[in-house]
Protein chains: 2
Amino acid sequence: MRYFNFKLIISTALFMAVLFPAFAVVIKWHNVEPGVWKGVVGTPEVYSLLGASGCEPLKEGFDRLPEVNMPEMASSIVCEVVNGKTYLRFPLEKKEQLYGFGLNFQTVHQRGKIFNLHVDHYGGKDTGRNHAPVPFYVSSKGYGVLINSSRYLTVYAGSGARKDSPNAPKAIDRNTDKSWKARPYSDAVSVLVPAEGAEIYVFAGPTPMDVVRRYNLLCGGGTLPPRWGLGFTQRTKTLFTAADVEAEADAFEKNGFPLDFIGLEPGWQSKAYPCTFEWDSSRYPDPEGFVKKMLDRKIRLNLWTNPYVSPESGIYDEIYPYSGSHTVWCGIVPDLATDKGREIWTDKLQKEHVGIGVSGYKIDEVDGYDHYLWPDVATFPSGLDAEQMRQTYGLLVQRSTADLYRARNLRTYGLVRASNAGASSMPYVLYNDYYSHKDFITALINSGFSGVLWTPEVRSSKSAEEWVRRFQSVVFSPMAMINAWSSGTKPWSFPEVADNIKEYAILRMCMMPYWYTEFARYHYDGIPPFRAMSLEPGFNYEDAMSTEIKSANLDDNPYLEAVTKEIKDQYMAGEYLLVAPMFVGETSRKVVLPKGDWYDFYTGEYVGNGQTITAEPGLSGIPVYVRDGAIIPMMEPRLHAPGKGEKVNLEIRHYGKANGAYRLYDDDGETFDYEKGEYSWRDIKVVRQKDGTLKGVISKPGKGKPDTVGKVTWKFMTKS
Amino acid sequence: MRYFNFKLIISTALFMAVLFPAFAVVIKWHNVEPGVWKGVVGTPEVYSLLGASGCEPLKEGFDRLPEVNMPEMASSIVCEVVNGKTYLRFPLEKKEQLYGFGLNFQTVHQRGKIFNLHVDHYGGKDTGRNHAPVPFYVSSKGYGVLINSSRYLTVYAGSGARKDSPNAPKAIDRNTDKSWKARPYSDAVSVLVPAEGAEIYVFAGPTPMDVVRRYNLLCGGGTLPPRWGLGFTQRTKTLFTAADVEAEADAFEKNGFPLDFIGLEPGWQSKAYPCTFEWDSSRYPDPEGFVKKMLDRKIRLNLWTNPYVSPESGIYDEIYPYSGSHTVWCGIVPDLATDKGREIWTDKLQKEHVGIGVSGYKIDEVDGYDHYLWPDVATFPSGLDAEQMRQTYGLLVQRSTADLYRARNLRTYGLVRASNAGASSMPYVLYNDYYSHKDFITALINSGFSGVLWTPEVRSSKSAEEWVRRFQSVVFSPMAMINAWSSGTKPWSFPEVADNIKEYAILRMCMMPYWYTEFARYHYDGIPPFRAMSLEPGFNYEDAMSTEIKSANLDDNPYLEAVTKEIKDQYMAGEYLLVAPMFVGETSRKVVLPKGDWYDFYTGEYVGNGQTITAEPGLSGIPVYVRDGAIIPMMEPRLHAPGKGEKVNLEIRHYGKANGAYRLYDDDGETFDYEKGEYSWRDIKVVRQKDGTLKGVISKPGKGKPDTVGKVTWKFMTKS
């Protein structure tokens, strides 16, 4: 045996060693938006995530953020391009926590994790394979990083130590030293990009929330759903007929249960898996009439589909040349990165659905899993390879269907199973088949770090208790949905809790002015409506803090505490609400309150300040808390979202002792006219008077601006 | 929003479409050995798996295989090199089963699977990440394919259908047609090689077993362990001292329990994780004397280590320049692909261990997992990247340590946690931390398809029953080991079953002439000593067969049945033995017998022919069956393997009614002199005489050839 092969390798090595400095790449930085810098490393590929999403920055949103310098860490980024691969290294300090890296389901703190970011179904572990493996992370130190590559990226988020690092950890004998650690400290986030270059974006803060805002604004600002999208939605059983759907709507009405849109599952199509995109004429003999009838009842329709084209679809032959090399369930895969492929597909949707009044889609099966989707050896006529298509197909289906509605100046709000960077402005909510209530809440938290939305949908339940617990959560989420395509469960299916369920569904509707305004803040300011506690300042949970952290000055750096404790089961909903879901089997739970006075959402009573409290809400309640001075605008109970221009009476709630201020957003709720200035922000103020009482005022909308506020009632929730 | 990016993409696409035929690569084939063809696709990388292993074909072994033409499938292989990646496609027929793709733990039939072949610990699912993800597969149609690439390969083993395939499956409506399948038929094995070329090897049969033989012969022939390697081994607790180890040996002797080698775990080193490779002077004050003392007792020593160098090791400074960029537990990683790095490391082993008589190693932690090993962004002075090093580090540690022994003309036999293609001749057995008895047996079966060995080691048990069941299995495996480094369990730790355990340990020793000969067949003929039932002809299990397969003519194609039913819990051990382990909780089990008459190993009684039988052996037995005409050479009970030249008395057993023939292998059992012709094969024949009785004869060894056979006794196990 000879080591002959190695000889050649070694000469290559010596050659490389000599040339090595030549491989260290100088990053060219461009300040693309205030607080956002783009760095070009090597020769990035033409096709990128942001390019695929087609997002364009919401420039004016940046004006409302503080002026900032480039984060210091940017000067310590090290990049190399070797043998067709790009090696990126970002500095990481000892007391730094990392958030993001996409839609993880089980962890919020990502430091120490290793990911292979790969669009996929969620397989039960946070490996980087999920529905939105967005290569964006936020540091607790107040900066963020995006790698704008449509490749499968391998990320070491503080794992792996270099021998020449000035911060290299020290070796310890495992035989005898109990302080030995299997995972020593690492001072870097390393990313392997399998391409000859990459675009990286660095986002300044100063706070982690500011970082997230800049990211969302770069991606077009958050999506602003139509008002009806924030109402209640039920998905019907697969083989429902038009008559069944109408009967379902009747039942909701009869039960006094709100309903804004109904989802039709595969059976509306003549063939599914793969799909024809054509109505099944036996189950839906008059689609146009049916859709109109439902719209007249103020109930919109959302159609399930996957994008894979059945040989029996009218577009099969035409789209065939613009489809990928491999089939999915024997259907061809439209290459949505070709103009023609996209046009043929969306023209079909336009003709069959959008044109007759269908309000949106649930686009399934664009995530994974590997056994179903095109393999990594597939090719596409656009020239994209299978990997690029896998990473961006969710973006492409969102973008192309969203464009259909935009062309009609109508907003949509639907469901999709895959997304990626650049999707903040996409009118889609992610969902999946996984069904862990706890992990659904963690995903909701993580969605806020990745510019995506997530619904902790309710499907079926083993018990009334589970039904209530899941339902209470989904009411405080981006889409209040019962996904009954398989189970056929109705909101009132568990009679012993039907009243409570109805109460929460109505609460959802009453809160619509708040939800809608919070989505407007997502759109205009990039603030995620549902997000992690670690984006909120003012933590002070003594219970869990280490001595080291305790001694730190939290007034100087209020985020420091969030670094030390992972909160995976409570979240912020809009500006003021802290939601702490109960899970089946629990009769009480701990809730971590940030600094500042907090009040019970339902009673207005004081509950604590910067401490961990125990909530015991009983079966009927989900713990929700409100910041001091909070203002929550509510509307009167309704079964459907207010239509365009429809006036609603408001009950404006104030909580706590501090004065309050809120800006209520308004527009027509259905079109894109807000982009032409057709919107208003009305100032709401609650001020304590000299006599000690509180008084509220609401400003008028600007002249000619939308004005849908009817009568206003004030409710001061906290007794003085 | 504009689709501006796509424009450029589409022009690229059109450009590519025009040029497309230019990307289809013509494979250049070379007939490298009889029945083995090497195909060169694109520009393969210099560094490959076979290159890293340093294997050289055992040429004379091919002479004993049938002459064959190149498999027809080879002409249907399609290859493309696009954008730095190589796409390989191998044809796959409808009634074809695939075996191999490395050391899978839960499945034997690999058709339909998707793998990312990646050296790693075993994470509980057959994803391609395991200790030996060998990119070699065997078809039930009697051919094999190896992709000789040191990259992470993505394999679609009959998953993913092309739209232009002549065998494309037909679309079905899932809404209404119950025959809808989530995974439609695919007519190809597709492999994505992330490099600009690859070497592929095609192996002819005609039978699957012939394919496996050709693979092993190409890789140097199977390893031939020293005789002592097939004896019994116990691994001692981590912090054992020299005195503790001697006491352990005393206890084995006192209990009359066989023992050939003892494994010392991390505490023998002065520092471990990372390692010094130096003896701890408090626990081992006189290593040389200790090793010699043990050798004098006929007990060899095997040393645990991992290759990561502690800053406190004497070689740290010298090897530093020849180590990778990243540390493992703060130890540096020797670049064993550099001459210098390898020399410094092996010189240290030579000086500290091999030179004073240590007989082998257990090389740990060279597989994964990701949080412990160097990251994929690591670099190495040899110029290999982290991926190449990960895929081959197991090969490199095996090769470099094996060479140490070869240089002293001494065989070794040890343990290693990672391997890959080209390892057949490596004197190492794979092991891991996973501990599913059933999956350990499946891994043993799969090892036979991948040119590696696997031990279903016994560690500890929750009950005497479990202890017996695991122990009975390991006795019929490549290494009969109790790995008590953590538990400290002894063979007699469960007194209620101690006698049975001892009986099986002694059986293992008595069978040594059979085991040793079967390993010689592995070496000279490439026949895996432990292997799947699907490599055996003559299946006939009516119970599980589909109508379609039932109607086939099994005499024409006896392998056809193995295609239809996956057998994961029984295996062949050597030429004649069928082993069907019992698992904890079982009182009976089904055993599938191939065609032909089979007999009970213990009693010689007839049990069946080509059918599924039920075994009920009680706690004390593991079902083992023997083919008609089988000859099993046994020796007298011993506590240690016979030494060089030591004569042993044989009891030669014959089973069943047919005449029998066997060739008994002999050599010095310790050195490589067999490579110079210092070995013998003695013909054993049992022939039925005219009077109906059986008579056995054994030939003499050739003149001057090894002859260690003493007195021979014949035992005809089956009563006529």
# chains A, B, ... in the order shown; residues from 1 in each chain; ligands from 1
$ select_by_dssp --residues "stretch 255-452 of chain B" --states "strand (DSSP E)" --output "PyMOL selection string"
chain B and resi 261-264+300-305+323-328+331-334+360-363+414-416+428-430
$ residues_around --residues "stretch 286-300 of chain A" --least-positions-apart "4" --cutoff "9 Å" --atoms "only C-alpha atoms" --output "PyMOL selection string"
chain A and resi 228+242+246+249+259-263+279+281+352-353+356-360+640-641+643
$ write_last_selection --atoms "C-alpha atoms" --output "tab-separated table (two decimals), in the first residue's frame"
chain	number	residue	atom	x	y	z
A	228	TRP	CA	-61.63	39.77	6.61
A	242	ALA	CA	-71.30	23.31	-2.82
A	246	GLU	CA	-73.55	26.39	2.17
A	249	ALA	CA	-72.15	28.53	6.55
A	259	LEU	CA	-67.04	33.28	9.96
A	260	ASP	CA	-65.15	35.31	7.36
A	261	PHE	CA	-63.80	32.71	5.01
A	262	ILE	CA	-64.24	29.05	4.29
A	263	GLY	CA	-61.47	26.85	3.00
A	279	TRP	CA	-63.74	22.65	-10.38
A	281	SER	CA	-68.51	19.62	-11.86
A	352	GLU	CA	-60.91	29.51	-12.85
A	353	HIS	CA	-60.85	31.17	-9.44
A	356	ILE	CA	-64.89	34.64	-10.40
A	357	GLY	CA	-64.25	35.96	-6.92
A	358	VAL	CA	-62.22	33.36	-5.04
A	359	SER	CA	-60.39	35.26	-2.33
A	360	GLY	CA	-57.27	33.24	-1.73
A	640	HIS	CA	-68.03	39.12	9.70
A	641	ALA	CA	-65.28	41.66	9.31
A	643	GLY	CA	-66.62	45.73	4.71
$ closest_atom_pairs --of "chain B" --to "chain A" --cutoff "6 Å" --atoms "only C-alpha atoms" --output "JSON lines"
{"residue": "B:Met1", "atom": "CA", "partner": "A:Gly54", "partner_atom": "CA", "distance": 5.8}
{"residue": "B:Ile10", "atom": "CA", "partner": "A:Ser382", "partner_atom": "CA", "distance": 5.1}
{"residue": "B:Ala13", "atom": "CA", "partner": "A:Gly383", "partner_atom": "CA", "distance": 4.4}
{"residue": "B:Gly54", "atom": "CA", "partner": "A:Met1", "partner_atom": "CA", "distance": 5.8}
{"residue": "B:Gly160", "atom": "CA", "partner": "A:Pro375", "partner_atom": "CA", "distance": 5.8}
{"residue": "B:Ala161", "atom": "CA", "partner": "A:His326", "partner_atom": "CA", "distance": 5.4}
{"residue": "B:Arg162", "atom": "CA", "partner": "A:His326", "partner_atom": "CA", "distance": 4.0}
{"residue": "B:Lys163", "atom": "CA", "partner": "A:His326", "partner_atom": "CA", "distance": 5.2}
{"residue": "B:Ala171", "atom": "CA", "partner": "A:Cys330", "partner_atom": "CA", "distance": 4.8}
{"residue": "B:Asp173", "atom": "CA", "partner": "A:Lys271", "partner_atom": "CA", "distance": 4.9}
{"residue": "B:Arg174", "atom": "CA", "partner": "A:Ala272", "partner_atom": "CA", "distance": 5.7}
{"residue": "B:Asn175", "atom": "CA", "partner": "A:Gly267", "partner_atom": "CA", "distance": 5.7}
{"residue": "B:Gly267", "atom": "CA", "partner": "A:Asn175", "partner_atom": "CA", "distance": 5.7}
{"residue": "B:Lys271", "atom": "CA", "partner": "A:Asp173", "partner_atom": "CA", "distance": 4.9}
{"residue": "B:Ala272", "atom": "CA", "partner": "A:Asp173", "partner_atom": "CA", "distance": 5.4}
{"residue": "B:Tyr273", "atom": "CA", "partner": "A:Arg174", "partner_atom": "CA", "distance": 5.8}
{"residue": "B:Ser325", "atom": "CA", "partner": "A:Arg162", "partner_atom": "CA", "distance": 5.7}
{"residue": "B:His326", "atom": "CA", "partner": "A:Arg162", "partner_atom": "CA", "distance": 4.1}
{"residue": "B:Thr327", "atom": "CA", "partner": "A:Lys163", "partner_atom": "CA", "distance": 5.6}
{"residue": "B:Cys330", "atom": "CA", "partner": "A:Ala171", "partner_atom": "CA", "distance": 4.8}
{"residue": "B:Pro375", "atom": "CA", "partner": "A:Gly160", "partner_atom": "CA", "distance": 5.9}
{"residue": "B:Pro381", "atom": "CA", "partner": "A:Ala13", "partner_atom": "CA", "distance": 5.8}
{"residue": "B:Ser382", "atom": "CA", "partner": "A:Ala13", "partner_atom": "CA", "distance": 4.9}
{"residue": "B:Gly383", "atom": "CA", "partner": "A:Ala13", "partner_atom": "CA", "distance": 4.4}
$ residues_around --residues "A:Thr305" --least-positions-apart "2" --cutoff "7 Å" --atoms "only C-alpha atoms" --output "list of chain:residue names"
A:Pro266, A:Leu303, A:Pro307, A:Lys362, A:Ile363, A:Asp364
$ closest_residue --among "B:Val32, B:Val81, B:Pro495, B:Gly596" --to "B:Pro537" --atoms "only C-alpha atoms"
B:Gly596
$ residues_around --residues "stretch 449-461 of chain B" --least-positions-apart "4" --cutoff "8 Å" --atoms "only C-alpha atoms" --output "ChimeraX atom specification"
/B:99-103,132,134,136-138,212,215-216,222,419,421-424,428-431,437,440-441,443-445,466-467,470-471,473-474,477-484,487,489,528,531
$ atom_distance --atom1 "atom CA of A:Glu343" --atom2 "atom CA of A:Ile319"
9.2 Å
$ closest_residue --among "B:Gly414, B:Gly692, B:Gly256, B:Gly341" --to "B:Trp492" --atoms "only C-alpha atoms"
B:Gly256
$ select_by_dssp --residues "stretch 364-439 of chain B" --states "helix (DSSP H, G or I)" --output "MDAnalysis selection string"
chainID B and resid 386:407 437:439
$ atom_distance --atom1 "atom CA of A:Arg235" --atom2 "atom CA of A:Trp485"
5.7 Å
$ decode --residues "stretch 156-273 of chain A" --atoms "C-alpha atoms" --output "mmCIF file, in the first residue's frame"
data_model
loop_
_atom_site.group_PDB
_atom_site.id
_atom_site.type_symbol
_atom_site.label_atom_id
_atom_site.label_comp_id
_atom_site.auth_asym_id
_atom_site.auth_seq_id
_atom_site.Cartn_x
_atom_site.Cartn_y
_atom_site.Cartn_z
ATOM 1 C CA TYR A 156 -22.586 26.652 12.943
ATOM 2 C CA ALA A 157 -24.248 29.166 15.240
ATOM 3 C CA GLY A 158 -21.499 29.169 17.848
ATOM 4 C CA SER A 159 -20.281 25.600 17.428
ATOM 5 C CA GLY A 160 -16.789 24.574 16.391
ATOM 6 C CA ALA A 161 -13.647 26.180 17.826
ATOM 7 C CA ARG A 162 -10.658 27.255 15.766
ATOM 8 C CA LYS A 163 -7.234 26.306 17.034
ATOM 9 C CA ASP A 164 -5.854 29.774 16.288
ATOM 10 C CA SER A 165 -8.738 31.689 17.827
ATOM 11 C CA PRO A 166 -7.664 34.264 20.426
ATOM 12 C CA ASN A 167 -10.698 33.036 22.397
ATOM 13 C CA ALA A 168 -10.007 29.332 21.980
ATOM 14 C CA PRO A 169 -11.313 27.314 24.942
ATOM 15 C CA LYS A 170 -8.846 25.328 27.070
ATOM 16 C CA ALA A 171 -8.476 21.557 26.964
ATOM 17 C CA ILE A 172 -9.579 19.636 30.064
ATOM 18 C CA ASP A 173 -9.056 15.981 31.004
ATOM 19 C CA ARG A 174 -12.372 14.178 30.817
ATOM 20 C CA ASN A 175 -11.063 11.254 32.877
ATOM 21 C CA THR A 176 -10.809 13.252 36.033
ATOM 22 C CA ASP A 177 -12.179 16.763 35.610
ATOM 23 C CA LYS A 178 -15.905 17.129 36.101
ATOM 24 C CA SER A 179 -15.973 20.549 34.480
ATOM 25 C CA TRP A 180 -15.270 18.918 31.114
ATOM 26 C CA LYS A 181 -17.762 20.018 28.470
ATOM 27 C CA ALA A 182 -18.803 18.130 25.374
ATOM 28 C CA ARG A 183 -19.399 21.429 23.588
ATOM 29 C CA PRO A 184 -16.692 23.965 24.312
ATOM 30 C CA TYR A 185 -17.218 27.668 23.719
ATOM 31 C CA SER A 186 -17.039 28.929 20.152
ATOM 32 C CA ASP A 187 -16.505 32.552 19.194
ATOM 33 C CA ALA A 188 -18.047 32.489 15.746
ATOM 34 C CA VAL A 189 -21.087 31.892 13.633
ATOM 35 C CA SER A 190 -19.738 30.036 10.600
ATOM 36 C CA VAL A 191 -21.675 29.529 7.421
ATOM 37 C CA LEU A 192 -20.775 27.367 4.464
ATOM 38 C CA VAL A 193 -22.319 28.567 1.217
ATOM 39 C CA PRO A 194 -21.931 26.013 -1.591
ATOM 40 C CA ALA A 195 -21.386 28.655 -4.246
ATOM 41 C CA GLU A 196 -18.586 30.917 -5.353
ATOM 42 C CA GLY A 197 -19.866 33.902 -3.475
ATOM 43 C CA ALA A 198 -22.701 35.307 -1.449
ATOM 44 C CA GLU A 199 -24.452 38.509 -0.606
ATOM 45 C CA ILE A 200 -24.569 39.228 3.077
ATOM 46 C CA TYR A 201 -26.646 41.912 4.735
ATOM 47 C CA VAL A 202 -25.818 43.397 8.098
ATOM 48 C CA PHE A 203 -28.583 45.155 10.018
ATOM 49 C CA ALA A 204 -27.996 47.658 12.772
ATOM 50 C CA GLY A 205 -30.272 48.089 15.810
ATOM 51 C CA PRO A 206 -29.631 49.549 18.255
ATOM 52 C CA THR A 207 -32.130 47.074 19.739
ATOM 53 C CA PRO A 208 -32.920 43.558 18.477
ATOM 54 C CA MET A 209 -36.420 44.821 17.675
ATOM 55 C CA ASP A 210 -34.940 47.552 15.487
ATOM 56 C CA VAL A 211 -32.940 44.878 13.673
ATOM 57 C CA VAL A 212 -36.087 42.874 12.979
ATOM 58 C CA ARG A 213 -37.848 46.027 11.810
ATOM 59 C CA ARG A 214 -35.060 46.875 9.376
ATOM 60 C CA TYR A 215 -35.135 43.325 8.036
ATOM 61 C CA ASN A 216 -38.894 43.442 7.462
ATOM 62 C CA LEU A 217 -38.721 46.885 5.885
ATOM 63 C CA LEU A 218 -35.968 45.736 3.554
ATOM 64 C CA CYS A 219 -38.316 42.906 2.557
ATOM 65 C CA GLY A 220 -41.100 45.332 1.663
ATOM 66 C CA GLY A 221 -42.613 45.864 5.106
ATOM 67 C CA GLY A 222 -44.868 43.311 6.717
ATOM 68 C CA THR A 223 -47.986 42.133 4.924
ATOM 69 C CA LEU A 224 -51.212 44.027 5.566
ATOM 70 C CA PRO A 225 -54.029 41.500 5.292
ATOM 71 C CA PRO A 226 -57.536 42.466 4.266
ATOM 72 C CA ARG A 227 -59.725 42.967 7.348
ATOM 73 C CA TRP A 228 -61.627 39.765 6.609
ATOM 74 C CA GLY A 229 -58.353 37.842 6.801
ATOM 75 C CA LEU A 230 -58.235 38.574 10.516
ATOM 76 C CA GLY A 231 -61.699 37.155 11.089
ATOM 77 C CA PHE A 232 -62.531 33.527 11.672
ATOM 78 C CA THR A 233 -61.964 30.748 9.134
ATOM 79 C CA GLN A 234 -63.121 27.156 8.903
ATOM 80 C CA ARG A 235 -61.778 24.581 6.464
ATOM 81 C CA THR A 236 -64.311 22.016 5.317
ATOM 82 C CA LYS A 237 -64.000 18.307 4.676
ATOM 83 C CA THR A 238 -62.247 17.157 1.543
ATOM 84 C CA LEU A 239 -65.211 15.920 -0.435
ATOM 85 C CA PHE A 240 -67.693 18.652 0.519
ATOM 86 C CA THR A 241 -70.083 19.764 -2.218
ATOM 87 C CA ALA A 242 -71.297 23.308 -2.825
ATOM 88 C CA ALA A 243 -74.430 22.425 -0.881
ATOM 89 C CA ASP A 244 -72.366 21.078 2.010
ATOM 90 C CA VAL A 245 -70.405 24.306 2.128
ATOM 91 C CA GLU A 246 -73.550 26.390 2.172
ATOM 92 C CA ALA A 247 -74.936 24.219 4.951
ATOM 93 C CA GLU A 248 -71.707 24.777 6.875
ATOM 94 C CA ALA A 249 -72.147 28.534 6.551
ATOM 95 C CA ASP A 250 -75.761 28.152 7.685
ATOM 96 C CA ALA A 251 -74.644 26.248 10.756
ATOM 97 C CA PHE A 252 -72.164 28.946 11.709
ATOM 98 C CA GLU A 253 -74.850 31.576 11.321
ATOM 99 C CA LYS A 254 -77.372 29.561 13.300
ATOM 100 C CA ASN A 255 -74.865 29.073 16.095
ATOM 101 C CA GLY A 256 -74.017 32.781 16.092
ATOM 102 C CA PHE A 257 -70.456 31.948 15.328
ATOM 103 C CA PRO A 258 -68.254 34.377 13.365
ATOM 104 C CA LEU A 259 -67.035 33.279 9.959
ATOM 105 C CA ASP A 260 -65.147 35.311 7.361
ATOM 106 C CA PHE A 261 -63.799 32.706 5.014
ATOM 107 C CA ILE A 262 -64.245 29.053 4.288
ATOM 108 C CA GLY A 263 -61.475 26.851 3.000
ATOM 109 C CA LEU A 264 -62.269 24.222 0.387
ATOM 110 C CA GLU A 265 -59.993 21.211 0.461
ATOM 111 C CA PRO A 266 -58.836 18.975 -2.459
ATOM 112 C CA GLY A 267 -62.266 17.702 -3.509
ATOM 113 C CA TRP A 268 -63.274 21.012 -5.065
ATOM 114 C CA GLN A 269 -60.934 20.052 -7.914
ATOM 115 C CA SER A 270 -61.806 17.519 -10.565
ATOM 116 C CA LYS A 271 -58.488 15.752 -9.814
ATOM 117 C CA ALA A 272 -56.006 16.419 -7.056
ATOM 118 C CA TYR A 273 -52.454 15.286 -6.221
#
